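K.L.:
To be precise about what I am sending: the file is called upload.txt and holds compact mmCIF, C-alpha atoms and all ligand atoms.
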```txt
# COMPACT_ATOMS: atom_id res chain seq x y z
CA MET O 428 3.05 11.92 19.16
CA LYS O 429 0.02 9.64 18.71
CA ILE O 430 -1.03 8.36 15.31
CA LEU O 431 -3.98 6.19 14.31
CA LEU O 432 -3.43 3.60 11.60
CA THR O 433 -6.56 2.08 10.10
CA GLY O 434 -5.80 -1.28 8.50
CA GLY O 435 -2.59 -1.23 10.51
CA LEU O 436 -2.37 -5.02 10.73
CA GLY O 437 -2.25 -5.42 6.95
CA TYR O 438 0.82 -5.65 4.76
CA ILE O 439 1.71 -1.97 4.36
CA GLY O 440 0.11 -0.83 7.62
CA SER O 441 2.10 -3.26 9.77
CA HIS O 442 5.40 -2.20 8.20
CA THR O 443 4.46 1.44 8.71
CA ALA O 444 3.53 0.74 12.34
CA VAL O 445 7.02 -0.72 12.85
CA GLN O 446 8.77 2.28 11.28
CA ALA O 447 6.59 4.71 13.25
CA LEU O 448 7.29 2.95 16.56
CA LYS O 449 11.01 2.91 15.77
CA ASP O 450 10.68 6.64 15.22
CA ASN O 451 9.04 7.02 18.66
CA TYR O 452 5.47 7.67 17.54
CA GLU O 453 2.74 6.17 19.69
CA VAL O 454 0.69 3.87 17.49
CA ILE O 455 -2.99 3.00 17.69
CA ILE O 456 -4.31 0.44 15.21
CA VAL O 457 -7.90 -0.08 14.10
CA ASP O 458 -8.45 -3.17 11.96
CA ASN O 459 -11.40 -5.52 11.45
CA LEU O 460 -9.14 -8.46 10.53
CA SER O 461 -10.93 -8.91 7.19
CA ASN O 462 -7.53 -9.45 5.56
CA SER O 463 -5.13 -9.81 8.47
CA LYS O 464 -4.57 -11.68 11.70
CA GLU O 465 -4.63 -10.42 15.28
CA GLU O 466 -1.24 -12.07 15.94
CA VAL O 467 0.37 -9.25 13.91
CA VAL O 468 -0.16 -6.99 16.94
CA ASN O 469 2.31 -9.10 18.93
CA LYS O 470 4.64 -9.40 15.97
CA ILE O 471 4.85 -5.60 15.78
CA ARG O 472 5.59 -5.53 19.53
CA GLN O 473 8.20 -8.28 19.09
CA ILE O 474 10.07 -6.42 16.33
CA THR O 475 10.05 -3.04 18.03
CA GLY O 476 10.01 -3.91 21.74
CA LYS O 477 7.28 -1.27 22.03
CA ASP O 478 3.60 -1.40 22.82
CA VAL O 479 0.83 -0.70 20.37
CA LYS O 480 -2.86 -0.22 21.11
CA PHE O 481 -5.23 -2.35 19.03
CA TYR O 482 -8.97 -2.01 18.42
CA LYS O 483 -10.78 -4.73 16.46
CA ILE O 484 -13.27 -2.40 14.84
CA ASP O 485 -14.69 -1.95 11.35
CA VAL O 486 -13.98 1.61 10.18
CA CYS O 487 -17.39 1.55 8.50
CA ASP O 488 -19.01 1.16 11.94
CA LYS O 489 -19.11 4.80 12.90
CA GLN O 490 -20.47 4.30 16.41
CA LYS O 491 -17.66 1.96 17.40
CA LEU O 492 -15.08 4.07 15.62
CA GLU O 493 -16.20 7.05 17.66
CA LEU O 494 -15.10 5.25 20.83
CA VAL O 495 -11.54 5.22 19.53
CA PHE O 496 -11.58 9.00 19.15
CA ASP O 497 -13.28 9.42 22.55
CA GLU O 498 -10.60 7.34 24.25
CA ASN O 499 -7.74 9.03 22.35
CA PRO O 500 -8.51 12.74 22.07
CA ASP O 501 -4.83 13.53 21.46
CA ILE O 502 -4.41 11.75 18.13
CA PHE O 503 -2.14 13.86 15.91
CA ALA O 504 -2.78 12.19 12.56
CA VAL O 505 -4.69 9.37 10.91
CA ILE O 506 -3.13 7.17 8.24
CA HIS O 507 -5.92 5.39 6.39
CA PHE O 508 -4.76 2.04 4.98
CA ALA O 509 -7.97 0.09 5.60
CA GLY O 510 -9.65 -1.03 2.42
CA PHE O 511 -10.20 -3.86 0.01
CA LYS O 512 -7.63 -4.12 -2.80
CA ALA O 513 -8.26 -7.06 -5.13
CA VAL O 514 -9.03 -5.85 -8.65
CA GLY O 515 -10.77 -9.07 -9.81
CA GLU O 516 -12.96 -9.24 -6.72
CA SER O 517 -13.92 -5.60 -7.16
CA VAL O 518 -15.27 -6.38 -10.63
CA GLU O 519 -17.45 -9.15 -9.17
CA LYS O 520 -18.53 -7.29 -6.04
CA PRO O 521 -18.43 -3.57 -6.84
CA LEU O 522 -20.84 -2.49 -4.09
CA MET O 523 -18.76 -4.25 -1.46
CA TYR O 524 -15.78 -2.22 -2.66
CA TYR O 525 -17.61 1.10 -2.84
CA GLN O 526 -19.14 0.48 0.58
CA ASN O 527 -15.91 -0.42 2.33
CA ASN O 528 -13.47 1.88 0.60
CA LEU O 529 -15.65 5.00 0.56
CA ILE O 530 -17.71 4.82 3.75
CA SER O 531 -14.56 4.20 5.79
CA THR O 532 -13.02 7.46 4.57
CA ILE O 533 -16.20 9.48 5.08
CA ASN O 534 -16.59 8.15 8.64
CA LEU O 535 -13.02 9.04 9.47
CA LEU O 536 -13.28 12.56 8.08
CA GLU O 537 -16.53 13.23 9.96
CA LEU O 538 -15.13 12.00 13.24
CA MET O 539 -11.83 13.80 12.76
CA LYS O 540 -13.64 17.07 12.11
CA LYS O 541 -15.84 16.56 15.16
CA ASN O 542 -12.77 15.88 17.31
CA GLY O 543 -10.54 18.61 15.91
CA ILE O 544 -8.01 16.20 14.37
CA VAL O 545 -6.86 17.69 11.08
CA ASN O 546 -4.02 15.57 9.71
CA PHE O 547 -4.82 12.75 7.29
CA ILE O 548 -2.70 10.53 5.06
CA PHE O 549 -4.39 8.33 2.48
CA SER O 550 -3.25 5.13 0.72
CA SER O 551 -3.85 5.86 -2.93
CA SER O 552 -2.43 3.93 -5.84
CA ALA O 553 -0.69 4.25 -9.18
CA THR O 554 -3.85 2.68 -10.56
CA VAL O 555 -5.44 6.19 -10.59
CA TYR O 556 -3.28 7.27 -13.55
CA ALA O 557 -4.79 7.21 -17.03
CA PRO O 558 -2.86 5.08 -19.53
CA SER O 559 0.10 7.15 -20.66
CA LYS O 560 2.64 6.89 -23.42
CA ILE O 561 4.87 9.20 -21.43
CA MET O 562 6.89 7.72 -18.59
CA PRO O 563 7.69 8.26 -15.76
CA LEU O 564 4.27 9.12 -14.34
CA GLU O 565 4.14 12.52 -12.65
CA GLU O 566 1.56 13.54 -10.06
CA SER O 567 0.01 16.08 -12.45
CA PHE O 568 -0.72 13.51 -15.20
CA PRO O 569 -4.36 12.77 -16.18
CA LEU O 570 -6.33 10.42 -13.96
CA GLU O 571 -8.64 7.58 -14.93
CA ALA O 572 -9.65 4.27 -13.42
CA SER O 573 -10.42 1.08 -15.31
CA ASN O 574 -12.05 -1.10 -12.64
CA PRO O 575 -14.15 -0.65 -9.47
CA TYR O 576 -11.12 -0.94 -7.15
CA GLY O 577 -9.32 1.79 -9.07
CA ARG O 578 -12.45 3.92 -9.04
CA THR O 579 -12.67 3.66 -5.24
CA LYS O 580 -9.15 5.12 -5.08
CA LEU O 581 -9.99 7.84 -7.57
CA PHE O 582 -13.29 8.72 -5.84
CA ASN O 583 -11.46 8.84 -2.52
CA GLU O 584 -9.00 11.31 -4.00
CA PHE O 585 -11.90 13.49 -5.23
CA ILE O 586 -13.69 13.27 -1.86
CA LEU O 587 -10.51 14.23 -0.05
CA LYS O 588 -9.83 17.16 -2.38
CA ASP O 589 -13.41 18.48 -1.99
CA PHE O 590 -13.29 18.00 1.75
CA GLN O 591 -9.96 19.78 2.07
CA SER O 592 -11.20 22.74 -0.01
CA ALA O 593 -14.19 23.08 2.29
CA ASN O 594 -12.04 22.59 5.42
CA PRO O 595 -8.76 24.39 4.76
CA GLU O 596 -7.53 23.70 8.28
CA PHE O 597 -7.09 20.06 7.21
CA ASN O 598 -3.75 18.74 6.00
CA ILE O 599 -4.36 15.86 3.63
CA THR O 600 -1.64 13.90 1.88
CA LEU O 601 -2.45 11.43 -0.90
CA LEU O 602 0.29 8.86 -1.36
CA ARG O 603 0.15 7.00 -4.66
CA TYR O 604 1.91 3.70 -4.13
CA PHE O 605 3.50 1.79 -6.97
CA ASN O 606 4.13 -1.96 -6.53
CA PRO O 607 5.15 -2.77 -2.95
CA ILE O 608 7.04 -6.03 -2.41
CA GLY O 609 9.51 -7.31 0.20
CA ALA O 610 9.23 -7.61 3.96
CA ASP O 611 10.82 -6.54 7.21
CA ASP O 612 14.31 -8.06 7.54
CA SER O 613 13.23 -9.95 10.66
CA GLY O 614 10.95 -12.15 8.54
CA ILE O 615 8.30 -11.71 11.24
CA ILE O 616 5.85 -9.64 9.19
CA GLY O 617 5.27 -9.66 5.44
CA GLU O 618 2.67 -10.10 2.74
CA ASP O 619 0.24 -12.90 3.43
CA PRO O 620 -2.60 -12.93 0.90
CA ASN O 621 -5.55 -15.30 1.34
CA GLY O 622 -6.07 -17.90 -1.41
CA ILE O 623 -4.34 -17.85 -4.77
CA PRO O 624 -2.30 -14.64 -5.06
CA ASN O 625 -3.11 -12.22 -7.87
CA ASN O 626 0.09 -10.25 -7.61
CA LEU O 627 3.47 -11.26 -8.91
CA MET O 628 5.72 -11.51 -5.85
CA PRO O 629 3.29 -13.44 -3.62
CA TYR O 630 2.81 -15.90 -6.48
CA ILE O 631 6.56 -16.28 -7.01
CA CYS O 632 6.96 -16.98 -3.29
CA LYS O 633 4.32 -19.73 -3.39
CA VAL O 634 6.18 -21.36 -6.26
CA ALA O 635 9.45 -21.05 -4.34
CA ILE O 636 8.04 -22.90 -1.32
CA GLY O 637 6.54 -25.60 -3.54
CA GLU O 638 2.85 -24.68 -3.19
CA PHE O 639 2.60 -24.16 -6.93
CA ASP O 640 4.60 -25.87 -9.64
CA HIS O 641 5.51 -22.82 -11.70
CA LEU O 642 4.76 -19.16 -12.39
CA ASP O 643 2.63 -18.22 -15.37
CA ILE O 644 4.11 -15.10 -16.92
CA PHE O 645 1.23 -13.18 -18.47
CA GLY O 646 2.52 -12.28 -21.93
CA ASN O 647 5.97 -12.05 -23.50
CA ASP O 648 5.00 -9.88 -26.43
CA TYR O 649 4.75 -6.51 -24.72
CA ASN O 650 6.65 -3.57 -26.08
CA THR O 651 9.37 -3.83 -23.39
CA LYS O 652 13.03 -4.87 -23.37
CA ASP O 653 12.23 -8.60 -22.93
CA GLY O 654 8.52 -8.65 -23.84
CA THR O 655 7.26 -9.00 -20.25
CA GLY O 656 5.43 -6.31 -18.26
CA VAL O 657 7.43 -3.60 -16.55
CA ARG O 658 6.50 -2.11 -13.14
CA ASP O 659 7.99 0.04 -10.42
CA TYR O 660 8.56 -2.34 -7.49
CA ILE O 661 9.22 -0.60 -4.19
CA HIS O 662 10.43 -2.26 -0.98
CA VAL O 663 7.62 -2.09 1.59
CA VAL O 664 10.05 -0.75 4.22
CA ASP O 665 10.94 2.15 1.91
CA LEU O 666 7.22 2.68 1.34
CA ALA O 667 6.62 2.70 5.10
CA THR O 668 9.37 5.29 5.49
CA GLY O 669 7.55 7.45 2.94
CA HIS O 670 4.63 7.69 5.38
CA ILE O 671 6.93 8.87 8.15
CA LYS O 672 8.32 11.53 5.78
CA ALA O 673 4.77 12.66 5.00
CA LEU O 674 4.01 12.88 8.73
CA LYS O 675 7.15 14.93 9.32
CA GLN O 676 6.16 17.31 6.55
CA ILE O 677 2.78 17.87 8.20
CA GLU O 678 4.44 18.29 11.61
CA SER O 679 6.88 20.90 10.38
CA ASN O 680 4.50 22.88 8.22
CA LYS O 681 1.14 23.54 9.81
CA ASN O 682 -0.54 24.77 6.62
CA ASN O 683 0.21 21.96 4.28
CA GLY O 684 -3.21 21.76 2.66
CA LEU O 685 -3.56 19.02 0.09
CA LYS O 686 -0.45 17.26 -1.17
CA ILE O 687 -0.01 14.40 -3.61
CA TYR O 688 3.08 12.23 -3.94
CA ASN O 689 4.11 9.15 -5.86
CA LEU O 690 5.90 6.59 -3.75
CA GLY O 691 7.97 4.54 -6.15
CA THR O 692 11.62 4.09 -7.07
CA GLY O 693 11.50 5.58 -10.55
CA LYS O 694 12.92 2.35 -11.97
CA GLY O 695 11.03 -0.13 -14.10
CA TYR O 696 11.72 -3.85 -13.79
CA SER O 697 10.25 -6.55 -16.01
CA VAL O 698 8.65 -9.77 -14.80
CA LEU O 699 11.76 -11.62 -16.01
CA ASP O 700 14.01 -9.22 -14.06
CA ILE O 701 12.06 -10.10 -10.93
CA VAL O 702 12.10 -13.87 -11.47
CA ASN O 703 15.79 -13.92 -12.42
CA THR O 704 16.80 -11.77 -9.45
CA PHE O 705 14.67 -13.90 -7.13
CA ASN O 706 16.35 -17.07 -8.40
CA LYS O 707 19.79 -15.48 -8.18
CA VAL O 708 19.49 -14.46 -4.52
CA ASN O 709 17.39 -17.34 -3.20
CA GLY O 710 18.56 -20.31 -5.31
CA ASP O 711 16.98 -21.58 -8.49
CA LEU O 712 13.52 -22.09 -7.05
CA VAL O 713 11.11 -20.60 -9.55
CA LYS O 714 10.25 -22.15 -12.90
CA TYR O 715 8.04 -20.24 -15.28
CA GLU O 716 6.01 -20.58 -18.45
CA PHE O 717 4.77 -17.86 -20.75
CA THR O 718 0.99 -17.68 -21.10
CA GLN O 719 -1.37 -15.18 -22.64
CA ARG O 720 -1.69 -11.60 -21.45
CA ARG O 721 -3.88 -10.91 -18.42
CA ALA O 722 -6.94 -8.81 -19.30
CA GLY O 723 -6.51 -5.17 -18.30
CA ASP O 724 -2.71 -5.28 -17.99
CA ILE O 725 -0.58 -2.63 -19.60
CA ASP O 726 2.98 -3.00 -20.83
CA ILE O 727 4.84 -0.54 -18.68
CA TYR O 728 4.48 1.99 -15.91
CA TYR O 729 6.78 3.51 -13.35
CA ALA O 730 6.84 6.56 -11.11
CA SER O 731 8.58 9.84 -11.17
CA PRO O 732 9.70 10.00 -7.51
CA LYS O 733 11.10 13.53 -7.97
CA LYS O 734 8.37 15.45 -6.19
CA ALA O 735 8.51 13.17 -3.13
CA GLU O 736 12.28 13.47 -3.11
CA LYS O 737 12.24 17.26 -3.37
CA GLU O 738 9.40 18.02 -0.97
CA LEU O 739 9.50 15.10 1.47
CA GLY O 740 13.18 14.19 1.28
CA PHE O 741 12.02 10.70 0.30
CA LYS O 742 14.57 8.44 -1.34
CA THR O 743 14.30 4.67 -1.64
CA GLU O 744 17.28 2.76 -0.28
CA LYS O 745 16.57 -0.91 -0.85
CA THR O 746 17.68 -2.84 -3.92
CA LEU O 747 15.72 -5.35 -5.98
CA GLU O 748 17.94 -8.07 -4.48
CA GLU O 749 16.84 -7.02 -0.99
CA MET O 750 13.20 -7.00 -2.07
CA CYS O 751 13.47 -10.57 -3.41
CA LYS O 752 15.49 -11.85 -0.47
CA SER O 753 13.22 -10.44 2.22
CA SER O 754 10.03 -11.61 0.46
CA TYR O 755 11.35 -15.20 0.46
CA ASN O 756 12.74 -14.92 4.00
CA TYR O 757 9.23 -14.05 5.21
CA VAL O 758 7.49 -16.93 3.45
CA ILE O 759 9.96 -19.61 4.54
CA LYS O 760 9.74 -18.41 8.14
CA ASN O 761 5.93 -18.40 8.07
CA LYS O 762 4.88 -21.32 5.87
P1 LIG W 801 -3.98 -5.36 3.24
O1 LIG W 801 -5.23 -6.03 2.81
O2 LIG W 801 -2.82 -6.21 3.63
O3 LIG W 801 -4.30 -4.39 4.48
C1 LIG W 801 -5.53 -3.73 4.63
C2 LIG W 801 -5.97 -3.90 6.07
O4 LIG W 801 -7.18 -3.20 6.26
C3 LIG W 801 -6.22 -5.35 6.46
O5 LIG W 801 -5.57 -5.64 7.69
C4 LIG W 801 -7.75 -5.44 6.63
O6 LIG W 801 -8.12 -6.38 7.62
C5 LIG W 801 -8.08 -4.01 7.01
N1 LIG W 801 -9.43 -3.55 6.66
C6 LIG W 801 -10.05 -3.60 5.44
N2 LIG W 801 -11.26 -3.02 5.54
C7 LIG W 801 -11.41 -2.58 6.82
C8 LIG W 801 -12.42 -1.90 7.52
N3 LIG W 801 -13.57 -1.54 6.94
N4 LIG W 801 -12.22 -1.60 8.84
C9 LIG W 801 -11.07 -1.94 9.46
N5 LIG W 801 -10.07 -2.60 8.84
C10 LIG W 801 -10.24 -2.90 7.53
O7 LIG W 801 -3.57 -4.33 2.11
P2 LIG W 801 -2.22 -3.50 1.91
O8 LIG W 801 -1.49 -4.09 0.77
O9 LIG W 801 -1.54 -3.32 3.20
O10 LIG W 801 -2.83 -2.13 1.40
C11 LIG W 801 -3.11 -1.06 2.29
C12 LIG W 801 -3.75 0.07 1.51
O11 LIG W 801 -2.88 0.45 0.45
C13 LIG W 801 -5.08 -0.29 0.85
O12 LIG W 801 -5.93 0.81 0.92
C14 LIG W 801 -4.69 -0.56 -0.59
O13 LIG W 801 -5.75 -0.33 -1.48
C15 LIG W 801 -3.56 0.43 -0.80
N6 LIG W 801 -2.64 0.04 -1.86
C16 LIG W 801 -2.04 -1.18 -1.81
C17 LIG W 801 -1.18 -1.56 -2.84
C18 LIG W 801 -0.52 -2.92 -2.83
O14 LIG W 801 -0.02 -3.34 -3.85
N7 LIG W 801 -0.47 -3.64 -1.71
C19 LIG W 801 -0.92 -0.68 -3.90
C20 LIG W 801 -1.53 0.57 -3.91
C21 LIG W 801 -2.39 0.93 -2.87
C1 LIG W 802 -1.93 -4.84 -9.74
C2 LIG W 802 -3.33 -4.27 -9.88
C3 LIG W 802 -3.30 -2.79 -9.56
C4 LIG W 802 -2.72 -2.57 -8.17
C5 LIG W 802 -1.33 -3.18 -8.10
C6 LIG W 802 -0.79 -3.07 -6.70
C7 LIG W 802 -4.38 -5.68 -11.60
C8 LIG W 802 -4.88 -5.75 -13.00
N1 LIG W 802 -3.80 -4.51 -11.24
O1 LIG W 802 -1.13 -4.21 -10.69
O2 LIG W 802 -4.60 -2.26 -9.60
O3 LIG W 802 -2.64 -1.18 -7.88
O4 LIG W 802 -1.42 -4.57 -8.44
O5 LIG W 802 0.51 -3.52 -6.61
O6 LIG W 802 -4.53 -6.62 -10.83
N2 LIG W 802 2.26 -11.16 -13.48
C9 LIG W 802 2.55 -12.39 -14.06
N3 LIG W 802 2.13 -13.52 -13.43
C10 LIG W 802 1.42 -13.50 -12.25
C11 LIG W 802 1.14 -12.23 -11.66
C12 LIG W 802 1.56 -11.09 -12.32
O7 LIG W 802 3.18 -12.46 -15.12
O8 LIG W 802 1.05 -14.57 -11.74
C13 LIG W 802 2.76 -9.93 -14.14
C14 LIG W 802 1.67 -8.96 -14.56
O9 LIG W 802 1.21 -9.26 -15.86
C15 LIG W 802 2.42 -7.62 -14.48
C16 LIG W 802 3.42 -7.83 -13.33
O10 LIG W 802 3.55 -9.24 -13.19
O11 LIG W 802 3.14 -7.39 -15.66
C17 LIG W 802 2.95 -7.25 -12.01
O12 LIG W 802 1.66 -7.74 -11.72
P1 LIG W 802 0.92 -7.43 -10.33
O13 LIG W 802 1.81 -7.78 -9.20
O14 LIG W 802 -0.42 -8.08 -10.38
O15 LIG W 802 0.79 -5.84 -10.30
P2 LIG W 802 0.14 -4.84 -11.37
O16 LIG W 802 -0.31 -5.53 -12.58
O17 LIG W 802 1.08 -3.72 -11.57
```
Output the structure of this file as structure tokens.

P.N.:
Amino acid sequence: MKILLTGGLGYIGSHTAVQALKDNYEVIIVDNLSNSKEEVVNKIRQITGKDVKFYKIDVCDKQKLELVFDENPDIFAVIHFAGFKAVGESVEKPLMYYQNNLISTINLLELMKKNGIVNFIFSSSATVYAPSKIMPLEESFPLEASNPYGRTKLFNEFILKDFQSANPEFNITLLRYFNPIGADDSGIIGEDPNGIPNNLMPYICKVAIGEFDHLDIFGNDYNTKDGTGVRDYIHVVDLATGHIKALKQIESNKNNGLKIYNLGTGKGYSVLDIVNTFNKVNGDLVKYEFTQRRAGDIDIYYASPKKAEKELGFKTEKTLEEMCKSSYNYVIKNK
């Protein structure tokens, strides 16, 4: 069965490509390399021993994207990872975010409809949830976005819901990711952000390999067990598997309609839990200092994974130790 992954050379897309190939899907990747490298194509082949078709195309370029559908009329489903994802950058360049993250989806839906391809899986985010005193977050909780990046995810969800209502033959699954970290055990693919990382694990890894002196922990006065922020970190390989489960659900049930699932572990870990576990499994490599809170951060959020477990049979398998070990394994092999 053929699937198209947009943004398939990026962090989550490449891990999903590997899991899909291992599961005998045929994989086509469209990526414009705006945040990835072409060498990932060969890395995916190296890990799986299988071929993958790659098109260097911008999903916002509808004419070029159409060629992909013309050449591959038998695509079963599209998984749409392509998008920009840096919160700070989205505040500075909102139009760039709206352009890329919205036009890409609209182009895909139009071309899918034209070509009779009706199965679509979308990379949404926990960022679409409104601040909540009640944890864990369930899929039915109120939605709200606090920055342009988050709004692109929320608007995408609305567009996809409207589109699915108007086109009930479409099966659309919105996957709300929590905080993906970790890497494939091979150490061949992993998270490789450009410039200074915004997110916790990439920053920790840069400290561990000596690129930065220490980690700044943003706040130690939150209302959490140790005062540092708590999140639901999920191993990227578990997250990738979640996409395969969503595909299987669509395959087995032709009238899925619109579905929404959290992909998280249901467990909250603090920043100190992450640093301490990282140091425990990789050696005492990461020093830290407490600094002031980062604007826009909240104290705690984590997923309820119950719906995904019940309806998709999705259950995370990897431990926090494995997340920390594989993240470091990737950076030392690729520094
Ligand atoms: P990533 O930047 O590593 O991967 C995105 C890929 O899409 C990159 O390879 C990039 O080159 C490509 N791309 C971007 N715009 C494109 C376009 N117009 N045409 C073709 N290719 C394009 O990001 P990721 O972490 O793998 O995230 C994948 C998706 O998951 C994104 O939509 C992101 O918003 C979402 N998401 C990520 C996280 C996270 O923490 N990583 C959390 C929640 C949701
Ligand atoms: C961030 C994004 C969110 C996105 C998510 C994807 C922001 C404000 N939010 O969320 O939109 O969906 O990534 O995974 O950018 N921390 C430090 N020091 C650092 C980096 C982070 O202490 O150098 C702390 C943060 O304060 C937070 C935790 O580590 O408590 C996790 O931070 P991060 O990895 O940036 O993820 P989120 O804040 O959950």

K.L.:
Within 6 Å of ligand LIG 802 (chain W), counting all atoms listed in the file: which residues, as a PDB file with C-alpha atoms, in the coordinates of the input?

P.N.:
```pdb
ATOM      1  CA  VAL O 514      -9.030  -5.850  -8.650  1.00  0.00           C
ATOM      2  CA  SER O 552      -2.430   3.930  -5.840  1.00  0.00           C
ATOM      3  CA  ALA O 553      -0.690   4.250  -9.180  1.00  0.00           C
ATOM      4  CA  THR O 554      -3.850   2.680 -10.560  1.00  0.00           C
ATOM      5  CA  ASN O 606       4.130  -1.960  -6.530  1.00  0.00           C
ATOM      6  CA  PRO O 607       5.150  -2.770  -2.950  1.00  0.00           C
ATOM      7  CA  ASN O 625      -3.110 -12.220  -7.870  1.00  0.00           C
ATOM      8  CA  ASN O 626       0.090 -10.250  -7.610  1.00  0.00           C
ATOM      9  CA  LEU O 627       3.470 -11.260  -8.910  1.00  0.00           C
ATOM     10  CA  TYR O 630       2.810 -15.900  -6.480  1.00  0.00           C
ATOM     11  CA  LEU O 642       4.760 -19.160 -12.390  1.00  0.00           C
ATOM     12  CA  ASP O 643       2.630 -18.220 -15.370  1.00  0.00           C
ATOM     13  CA  ILE O 644       4.110 -15.100 -16.920  1.00  0.00           C
ATOM     14  CA  PHE O 645       1.230 -13.180 -18.470  1.00  0.00           C
ATOM     15  CA  GLY O 656       5.430  -6.310 -18.260  1.00  0.00           C
ATOM     16  CA  VAL O 657       7.430  -3.600 -16.550  1.00  0.00           C
ATOM     17  CA  ARG O 658       6.500  -2.110 -13.140  1.00  0.00           C
ATOM     18  CA  VAL O 698       8.650  -9.770 -14.800  1.00  0.00           C
ATOM     19  CA  ARG O 721      -3.880 -10.910 -18.420  1.00  0.00           C
ATOM     20  CA  GLY O 723      -6.510  -5.170 -18.300  1.00  0.00           C
ATOM     21  CA  ASP O 724      -2.710  -5.280 -17.990  1.00  0.00           C
TER      22      ASP O 724
END
```

K.L.:
Quick one: contact table of chain O to ligand LIG 801 (chain W), 7 Å max, nearest atom pair and distance in Å to one decimal per residue, counting only C-alpha atoms and all ligand atoms, chain and number order, as a Markdown table?

P.N.:
```
| residue | atom | partner | partner_atom | distance |
| --- | --- | --- | --- | --- |
| O:Thr433 | CA | W:LIG801 | N5 | 6.0 |
| O:Gly434 | CA | W:LIG801 | O4 | 3.3 |
| O:Gly435 | CA | W:LIG801 | O5 | 6.0 |
| O:Leu436 | CA | W:LIG801 | O5 | 4.5 |
| O:Gly437 | CA | W:LIG801 | O3 | 3.4 |
| O:Tyr438 | CA | W:LIG801 | O9 | 3.7 |
| O:Ile439 | CA | W:LIG801 | O9 | 3.7 |
| O:Gly440 | CA | W:LIG801 | O9 | 5.3 |
| O:Val457 | CA | W:LIG801 | C9 | 5.9 |
| O:Asp458 | CA | W:LIG801 | N5 | 3.6 |
| O:Asn459 | CA | W:LIG801 | C9 | 4.1 |
| O:Leu460 | CA | W:LIG801 | O6 | 3.7 |
| O:Ser461 | CA | W:LIG801 | O6 | 3.8 |
| O:Asn462 | CA | W:LIG801 | O6 | 3.7 |
| O:Ser463 | CA | W:LIG801 | O5 | 4.3 |
| O:Ile484 | CA | W:LIG801 | C9 | 5.8 |
| O:Asp485 | CA | W:LIG801 | N4 | 3.5 |
| O:Val486 | CA | W:LIG801 | N4 | 3.9 |
| O:Cys487 | CA | W:LIG801 | N3 | 5.2 |
| O:Phe508 | CA | W:LIG801 | C12 | 4.1 |
| O:Ala509 | CA | W:LIG801 | O4 | 3.4 |
| O:Gly510 | CA | W:LIG801 | C6 | 4.0 |
| O:Phe511 | CA | W:LIG801 | C6 | 5.4 |
| O:Lys512 | CA | W:LIG801 | O13 | 4.4 |
| O:Asn527 | CA | W:LIG801 | N3 | 5.3 |
| O:Ser531 | CA | W:LIG801 | N3 | 5.9 |
| O:Ser550 | CA | W:LIG801 | O11 | 4.7 |
| O:Ser551 | CA | W:LIG801 | C21 | 5.1 |
| O:Ser552 | CA | W:LIG801 | C20 | 4.0 |
| O:Ala553 | CA | W:LIG801 | C20 | 6.5 |
| O:Arg603 | CA | W:LIG801 | C20 | 6.7 |
| O:Tyr604 | CA | W:LIG801 | C20 | 4.7 |
| O:Phe605 | CA | W:LIG801 | C19 | 5.9 |
| O:Asn606 | CA | W:LIG801 | O14 | 5.1 |
| O:Pro607 | CA | W:LIG801 | O14 | 5.3 |
| O:Glu618 | CA | W:LIG801 | O2 | 6.8 |
```

K.L.:
Which one is closest to Asn546 of chain O: O:Asp488, O:Glu516, O:Asp711, O:Asp501? Count all atoms listed in the file.

P.N.:
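For Asn546 of chain O, the nearest of the given residues is O:Asp501.
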
K.L.:
So which one's closest to Lys714 of chain O, O:Lys652, O:Lys681, O:Lys633, O:Lys745? Using all atoms listed in the file, please.

P.N.:
O:Lys633

K.L.:
For a quick check of understanding, using all atoms listed in the file, which of O:Lys480, O:Lys742, O:Lys541, O:Lys707 has the smallest distance to Thr668 of chain O?

P.N.:
O:Lys742

K.L.:
Between O:Asn451, O:Gln719, O:Ser753, O:Asn689, which residue has the minimum interatomic distance to Phe568 of chain O, considering all atoms listed in the file?

P.N.:
O:Asn689

K.L.:
Rank O:Ala572, O:Cys751, O:Ile616, O:Leu538 by their smallest atom-to-atom distance to Lys491 of chain O, using all atoms listed in the file, and report the top residue only.

P.N.:
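The closest residue to Lys491 of chain O is O:Leu538.
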
K.L.:
What does the distance between atom CA of Phe705 of chain O and atom CA of Val445 of chain O come to in Å, to one decimal place?

P.N.:
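About the pair atom CA of Phe705 of chain O and atom CA of Val445 of chain O: they are 25.1 Å apart.
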
K.L.:
Could you tell me which of O:Leu712, O:Ile586, O:Leu432, O:Ala673 comes closest to Glu736 of chain O if we count all atoms listed in the file?

P.N.:
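Of O:Leu712, O:Ile586, O:Leu432, O:Ala673, the one nearest Glu736 of chain O is O:Ala673, counting all atoms listed in the file.
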
K.L.:
For Asn574 of chain O, work out the shell of residues within 8 Å, counting only C-alpha atoms and skipping chain neighbours fewer than 2 positions away, then give it as a VMD selection string.

P.N.:
chain O and resid 514 517 to 518 572 576 to 578

K.L.:
Please return as a PyMOL selection string every residue within 12 Å of (9.1, 0.8, -15.3), taking into account all atoms listed in the file and the file's own coordinates.

P.N.:
chain O and resi 561-564+605-606+650-652+655-661+691-698+700+725-731

K.L.:
What is the atom CA of Leu522 of chain O-atom CA of Phe582 of chain O distance in Å, reported with one decimal?

P.N.:
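Going from atom CA of Leu522 of chain O over to atom CA of Phe582 of chain O, I get 13.6 Å.
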
K.L.:
With a distance cut-off of 12 Å and only C-alpha atoms, select the neighbouring residues of Ile506 of chain O, excluding the residue or stretch itself and same-chain residues fewer than 5 positions from it, and output the selection as a PyMOL selection string.

P.N.:
chain O and resi 429-435+439-441+443-444+447+454-457+532+535-536+539+544-551+598-602+667+669-671+673-674
